[in-house]
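Below is entry.pdb, which holds PDB, C-alpha atoms, pLDDT in the B column.
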MODEL        1
ATOM      1  CA  MET G   1       1.360 -19.462   7.108  1.00 96.00           C
ATOM      2  CA  GLY G   2      -0.984 -18.970   4.179  1.00 97.00           C
ATOM      3  CA  TYR G   3      -1.190 -15.947   1.920  1.00 98.00           C
ATOM      4  CA  CYS G   4      -3.404 -14.739  -0.903  1.00 98.00           C
ATOM      5  CA  ILE G   5      -3.146 -11.805  -3.291  1.00 98.00           C
ATOM      6  CA  LEU G   6      -6.465 -10.653  -4.722  1.00 97.00           C
ATOM      7  CA  ASP G   7      -7.099  -8.025  -7.369  1.00 96.00           C
ATOM      8  CA  LEU G   8     -10.268  -6.202  -6.336  1.00 92.00           C
ATOM      9  CA  ASP G   9     -10.384  -3.676  -9.180  1.00 91.00           C
ATOM     10  CA  GLY G  10     -12.890  -5.516 -11.392  1.00 87.00           C
ATOM     11  CA  ASP G  11     -16.448  -6.664 -10.838  1.00 86.00           C
ATOM     12  CA  ALA G  12     -15.287  -9.850  -9.141  1.00 89.00           C
ATOM     13  CA  PRO G  13     -12.101 -10.544  -7.190  1.00 91.00           C
ATOM     14  CA  GLN G  14      -9.331 -12.194  -9.157  1.00 94.00           C
ATOM     15  CA  CYS G  15      -6.833 -14.416  -7.372  1.00 95.00           C
ATOM     16  CA  LEU G  16      -3.338 -13.424  -8.523  1.00 97.00           C
ATOM     17  CA  ASP G  17      -1.340 -15.627  -6.168  1.00 97.00           C
ATOM     18  CA  TRP G  18      -1.843 -17.888  -3.182  1.00 96.00           C
ATOM     19  CA  GLY G  19       0.142 -20.386  -1.229  1.00 97.00           C
ATOM     20  CA  ALA G  20       1.616 -21.390   2.092  1.00 97.00           C
ATOM     21  CA  LEU G  21       4.924 -20.341   3.578  1.00 97.00           C
ATOM     22  CA  ASP G  22       6.803 -22.934   5.599  1.00 95.00           C
ATOM     23  CA  GLY G  23       9.144 -21.921   8.380  1.00 93.00           C
ATOM     24  CA  GLY G  24      10.371 -25.478   8.907  1.00 91.00           C
ATOM     25  CA  ARG G  25       8.922 -27.415  11.823  1.00 86.00           C
ATOM     26  CA  SER G  26      12.265 -28.798  12.978  1.00 90.00           C
ATOM     27  CA  LYS G  27      13.887 -25.377  13.375  1.00 91.00           C
ATOM     28  CA  GLU G  28      13.901 -23.290  16.520  1.00 94.00           C
ATOM     29  CA  ILE G  29      10.978 -20.863  16.752  1.00 92.00           C
ATOM     30  CA  ALA G  30      13.104 -17.733  16.223  1.00 94.00           C
ATOM     31  CA  VAL G  31      14.546 -19.200  13.030  1.00 96.00           C
ATOM     32  CA  ARG G  32      11.091 -20.293  11.794  1.00 96.00           C
ATOM     33  CA  LEU G  33       9.681 -16.823  12.423  1.00 97.00           C
ATOM     34  CA  ALA G  34      12.610 -15.218  10.590  1.00 97.00           C
ATOM     35  CA  VAL G  35      12.046 -17.552   7.624  1.00 97.00           C
ATOM     36  CA  LEU G  36       8.331 -16.647   7.588  1.00 98.00           C
ATOM     37  CA  PHE G  37       9.174 -12.949   7.848  1.00 98.00           C
ATOM     38  CA  ASP G  38      11.582 -13.074   4.913  1.00 98.00           C
ATOM     39  CA  ALA G  39       9.188 -15.141   2.783  1.00 98.00           C
ATOM     40  CA  LEU G  40       6.186 -12.912   3.505  1.00 98.00           C
ATOM     41  CA  ARG G  41       8.231  -9.788   2.896  1.00 98.00           C
ATOM     42  CA  ALA G  42       9.263 -11.255  -0.474  1.00 98.00           C
ATOM     43  CA  VAL G  43       5.569 -11.796  -1.342  1.00 98.00           C
ATOM     44  CA  ALA G  44       4.795  -8.201  -0.323  1.00 98.00           C
ATOM     45  CA  ASP G  45       7.776  -6.862  -2.291  1.00 98.00           C
ATOM     46  CA  ARG G  46       6.721  -8.808  -5.380  1.00 98.00           C
ATOM     47  CA  TRP G  47       3.039  -7.850  -5.367  1.00 98.00           C
ATOM     48  CA  ARG G  48       3.046  -4.476  -3.563  1.00 97.00           C
ATOM     49  CA  PRO G  49      -0.404  -4.952  -1.978  1.00 98.00           C
ATOM     50  CA  ASP G  50      -2.493  -1.974  -0.889  1.00 97.00           C
ATOM     51  CA  GLU G  51      -3.612  -3.511   2.398  1.00 97.00           C
ATOM     52  CA  LEU G  52      -3.412  -6.609   4.573  1.00 97.00           C
ATOM     53  CA  ALA G  53      -6.240  -8.680   5.996  1.00 98.00           C
ATOM     54  CA  VAL G  54      -5.595 -11.231   8.721  1.00 97.00           C
ATOM     55  CA  GLU G  55      -7.720 -13.666  10.631  1.00 96.00           C
ATOM     56  CA  GLU G  56      -7.787 -13.101  14.370  1.00 93.00           C
ATOM     57  CA  PRO G  57      -6.033 -15.972  16.105  1.00 88.00           C
ATOM     58  CA  PHE G  58      -8.083 -18.954  17.157  1.00 82.00           C
ATOM     59  CA  VAL G  59      -6.740 -22.237  18.382  1.00 78.00           C
ATOM     60  CA  ALA G  60      -8.998 -25.062  19.500  1.00 79.00           C
ATOM     61  CA  PRO G  61      -8.531 -25.765  23.218  1.00 82.00           C
ATOM     62  CA  GLU G  62      -7.431 -29.334  22.535  1.00 85.00           C
ATOM     63  CA  ARG G  63      -4.405 -28.027  20.588  1.00 83.00           C
ATOM     64  CA  GLY G  64      -3.105 -26.308  23.711  1.00 83.00           C
ATOM     65  CA  ALA G  65      -1.424 -23.104  24.739  1.00 84.00           C
ATOM     66  CA  LYS G  66       1.778 -23.855  22.832  1.00 85.00           C
ATOM     67  CA  SER G  67      -0.148 -23.875  19.531  1.00 84.00           C
ATOM     68  CA  ALA G  68      -1.937 -20.671  20.488  1.00 85.00           C
ATOM     69  CA  VAL G  69       1.364 -18.927  21.161  1.00 89.00           C
ATOM     70  CA  ALA G  70       2.810 -20.146  17.840  1.00 88.00           C
ATOM     71  CA  VAL G  71      -0.240 -18.872  15.916  1.00 89.00           C
ATOM     72  CA  GLY G  72       0.057 -15.500  17.655  1.00 92.00           C
ATOM     73  CA  GLN G  73       3.742 -15.280  16.869  1.00 95.00           C
ATOM     74  CA  ALA G  74       3.152 -16.055  13.189  1.00 94.00           C
ATOM     75  CA  GLN G  75       0.411 -13.436  13.050  1.00 95.00           C
ATOM     76  CA  ALA G  76       2.791 -10.916  14.618  1.00 97.00           C
ATOM     77  CA  VAL G  77       5.209 -11.581  11.738  1.00 98.00           C
ATOM     78  CA  ALA G  78       2.475 -10.661   9.237  1.00 97.00           C
ATOM     79  CA  LEU G  79       1.575  -7.528  11.190  1.00 98.00           C
ATOM     80  CA  ILE G  80       5.211  -6.402  11.275  1.00 98.00           C
ATOM     81  CA  VAL G  81       5.616  -6.950   7.523  1.00 98.00           C
ATOM     82  CA  ALA G  82       2.468  -4.874   6.948  1.00 98.00           C
ATOM     83  CA  ALA G  83       3.569  -2.126   9.340  1.00 98.00           C
ATOM     84  CA  GLN G  84       6.991  -1.870   7.698  1.00 97.00           C
ATOM     85  CA  ALA G  85       5.337  -1.598   4.281  1.00 96.00           C
ATOM     86  CA  GLY G  86       2.898   1.047   5.555  1.00 97.00           C
ATOM     87  CA  LEU G  87      -0.118  -1.141   4.791  1.00 98.00           C
ATOM     88  CA  PRO G  88      -3.450  -0.677   6.511  1.00 98.00           C
ATOM     89  CA  ILE G  89      -4.422  -3.827   8.408  1.00 98.00           C
ATOM     90  CA  ARG G  90      -7.900  -5.305   8.798  1.00 97.00           C
ATOM     91  CA  ARG G  91      -8.584  -8.159  11.209  1.00 97.00           C
ATOM     92  CA  TYR G  92     -11.484 -10.584  10.947  1.00 97.00           C
ATOM     93  CA  PRO G  93     -12.799 -13.161  13.418  1.00 96.00           C
ATOM     94  CA  PRO G  94     -12.793 -16.763  12.154  1.00 94.00           C
ATOM     95  CA  ALA G  95     -16.605 -17.024  12.216  1.00 94.00           C
ATOM     96  CA  LYS G  96     -16.933 -13.964   9.942  1.00 96.00           C
ATOM     97  CA  VAL G  97     -14.377 -15.405   7.507  1.00 96.00           C
ATOM     98  CA  LYS G  98     -16.173 -18.762   7.344  1.00 95.00           C
ATOM     99  CA  SER G  99     -19.552 -17.085   6.992  1.00 94.00           C
ATOM    100  CA  ALA G 100     -18.275 -14.900   4.152  1.00 94.00           C
ATOM    101  CA  VAL G 101     -17.153 -17.834   2.024  1.00 95.00           C
ATOM    102  CA  ALA G 102     -19.155 -20.833   3.209  1.00 91.00           C
ATOM    103  CA  ASN G 103     -22.311 -19.027   4.429  1.00 88.00           C
ATOM    104  CA  TYR G 104     -21.868 -20.754   7.785  1.00 86.00           C
ATOM    105  CA  GLY G 105     -19.760 -19.327  10.608  1.00 86.00           C
ATOM    106  CA  ALA G 106     -18.865 -22.745  12.007  1.00 86.00           C
ATOM    107  CA  GLY G 107     -17.916 -24.377   8.711  1.00 84.00           C
ATOM    108  CA  THR G 108     -15.121 -26.918   8.548  1.00 89.00           C
ATOM    109  CA  LYS G 109     -11.776 -26.314   6.869  1.00 89.00           C
ATOM    110  CA  ALA G 110     -12.876 -28.679   4.090  1.00 91.00           C
ATOM    111  CA  GLN G 111     -16.039 -26.608   3.505  1.00 93.00           C
ATOM    112  CA  VAL G 112     -14.014 -23.402   3.432  1.00 94.00           C
ATOM    113  CA  GLN G 113     -11.555 -24.914   0.959  1.00 94.00           C
ATOM    114  CA  ARG G 114     -14.335 -26.125  -1.353  1.00 94.00           C
ATOM    115  CA  SER G 115     -15.998 -22.724  -1.201  1.00 95.00           C
ATOM    116  CA  VAL G 116     -12.890 -20.702  -2.054  1.00 95.00           C
ATOM    117  CA  ARG G 117     -12.126 -23.034  -4.958  1.00 94.00           C
ATOM    118  CA  LEU G 118     -15.635 -22.524  -6.341  1.00 93.00           C
ATOM    119  CA  ILE G 119     -15.762 -18.764  -5.767  1.00 93.00           C
ATOM    120  CA  LEU G 120     -12.446 -18.121  -7.505  1.00 93.00           C
ATOM    121  CA  GLY G 121     -12.493 -20.997  -9.984  1.00 91.00           C
ATOM    122  CA  LEU G 122      -9.243 -22.438  -8.644  1.00 90.00           C
ATOM    123  CA  GLY G 123      -9.993 -25.978  -9.753  1.00 88.00           C
ATOM    124  CA  ASP G 124      -8.421 -28.995  -8.140  1.00 86.00           C
ATOM    125  CA  ALA G 125      -4.839 -27.782  -7.751  1.00 82.00           C
ATOM    126  CA  PRO G 126      -3.389 -28.916  -4.427  1.00 86.00           C
ATOM    127  CA  MET G 127      -4.090 -26.380  -1.689  1.00 93.00           C
ATOM    128  CA  SER G 128      -3.056 -26.565   1.938  1.00 95.00           C
ATOM    129  CA  GLU G 129      -5.441 -25.604   4.721  1.00 94.00           C
ATOM    130  CA  ASP G 130      -3.228 -22.602   5.485  1.00 95.00           C
ATOM    131  CA  ALA G 131      -3.521 -21.415   1.885  1.00 96.00           C
ATOM    132  CA  SER G 132      -7.289 -21.917   1.693  1.00 96.00           C
ATOM    133  CA  ASP G 133      -7.707 -20.105   5.018  1.00 96.00           C
ATOM    134  CA  ALA G 134      -5.711 -17.171   3.616  1.00 97.00           C
ATOM    135  CA  VAL G 135      -7.824 -17.114   0.455  1.00 97.00           C
ATOM    136  CA  ALA G 136     -10.945 -17.130   2.637  1.00 97.00           C
ATOM    137  CA  VAL G 137      -9.660 -14.170   4.679  1.00 98.00           C
ATOM    138  CA  ALA G 138      -8.920 -12.262   1.467  1.00 98.00           C
ATOM    139  CA  LEU G 139     -12.417 -12.989   0.137  1.00 97.00           C
ATOM    140  CA  CYS G 140     -13.965 -11.925   3.444  1.00 97.00           C
ATOM    141  CA  HIS G 141     -12.040  -8.666   3.205  1.00 97.00           C
ATOM    142  CA  ALA G 142     -13.154  -8.148  -0.393  1.00 96.00           C
ATOM    143  CA  GLN G 143     -16.766  -8.716   0.627  1.00 95.00           C
ATOM    144  CA  THR G 144     -16.415  -6.290   3.549  1.00 95.00           C
ATOM    145  CA  ARG G 145     -14.849  -3.612   1.339  1.00 92.00           C
ATOM    146  CA  ARG G 146     -17.652  -3.940  -1.230  1.00 90.00           C
ATOM    147  CA  ALA G 147     -20.265  -3.583   1.502  1.00 89.00           C
ATOM    148  CA  GLU G 148     -18.501  -0.558   2.969  1.00 88.00           C
ATOM    149  CA  GLY G 149     -18.296   0.983  -0.497  1.00 82.00           C
ATOM    150  CA  ARG G 150     -22.019   0.551  -1.016  1.00 78.00           C
ATOM    151  CA  MET G 151     -22.701   2.137   2.380  1.00 80.00           C
ATOM    152  CA  ALA G 152     -20.440   5.117   1.605  1.00 74.00           C
ATOM    153  CA  VAL G 153     -22.249   5.837  -1.665  1.00 62.00           C
ATOM    154  CA  ARG G 154     -25.638   6.218  -0.020  1.00 58.00           C
TER     155      ARG G 154
ENDMDL
END
Can you present the structure in this file as structure tokens?
Amino acid sequence: MGYCILDLDGDAPQCLDWGALDGGRSKEIAVRLAVLFDALRAVADRWRPDELAVEEPFVAPERGAKSAVAVGQAQAVALIVAAQAGLPIRRYPPAKVKSAVANYGAGTKAQVQRSVRLILGLGDAPMSEDASDAVAVALCHAQTRRAEGRMAVR
């Protein structure tokens, strides 16, 4: 599960932290979900975010129902952490996330990763697909909030 903490107070978003949480593939699902819960709660406790943005689940058909269930379960962990912290939650479809960062709603994971690195100046530090997806969701949310702010002012 990827995560990203953005500071949206300035003119441009600043990436404060990003990474991927690993529940351990060899562990039983309940244990993996508990590990993810504890790790994500630790991130939330450390940074005290104001809100949570998540990507709506999507699993390619060739990956199967088991993968879809696992993605949904991991997303539920994030939603529970947010609910317990009293955070508002925004959900974004994958095509909107990709369009926000790569200007193409059907972009590849590699395109998304290149785009988030360029947008935030993250350089060539190793970044998992889960982490770059989380950064992309955060950037999509930042873009949406800016647009909503402009609409509210008018």
- Message: Give me, as an NGL selection string, all polymer residues having an atom no more than 6 Å from stretch 134-144 of chain G, counting all atoms listed in the file and skipping those fewer than 2 positions away in the same chain.
- Response: :G and (2-4 or 97 or 100 or 131-132 or 146-147)
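Straight-line separation from atom CA of G:Gly123 to atom CA of G:Asp11: 20.4 Å.
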- Message: When you look at G:Ala34 with a cut-off of 12 Å (counting only C-alpha atoms), what residues show up, excluding the ones that are within fewer than 2 positions of it in the same chain? I need them as a PyMOL selection string.
- Response: chain G and resi 21-24+27-32+36-41+73-74+76-78+80-81
- Query: Taking into account all atoms listed in the file, which residue in the set G:Val116, G:Met127, G:Val69, G:Leu16 is nearest to G:Val101?
  - Reply: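 Counting all atoms listed in the file, the residue closest to G:Val101 is G:Val116.
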- Message: Please determine, counting all atoms listed in the file, which residue among G:Arg117, G:Arg145, G:Lys109, G:Arg150 has the shortest atom-to-atom distance to G:Cys15.
- Response: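 Selected residue with least distance to G:Cys15: G:Arg117.
If you look at atom CA of G:Tyr92 and atom CA of G:Glu56, they are 5.6 Å away from each other.
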- Can you list, as a list in words, every protein, DNA or RNA residue that comes within 6 Å of stretch 45-55 of chain G when you count all atoms listed in the file, leaving out same-chain residues fewer than 6 positions away? Leu87, Pro88, Ile89, Arg90, Arg91, Tyr92 and Pro93 of chain G
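For the residues G:Glu62, G:Ala85, G:Leu6, G:Pro57, ranking by smallest atom-to-atom distance to G:Ala42 using only C-alpha atoms places G:Ala85 first.
Atom pair atom CA of G:Leu120 / atom CA of G:Ala12: separated by 8.9 Å.
For the set G:Gly121, G:Ala70, G:Asp133, G:Ala83, the residue with the smallest atom-to-atom gap to G:Gly107 is G:Asp133, counting only C-alpha atoms.
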- Residue with smallest distance to G:Phe58 - pool G:Gly10, G:Leu122, G:Arg25, G:Ala95, counting only C-alpha atoms: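 Of all the options, G:Ala95 lies closest to G:Phe58.
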- Looking at all atoms listed in the file, which of G:Ala82, G:Ala68, G:Ala125, G:Met1 is the one that sits closest to G:Val35? G:Met1
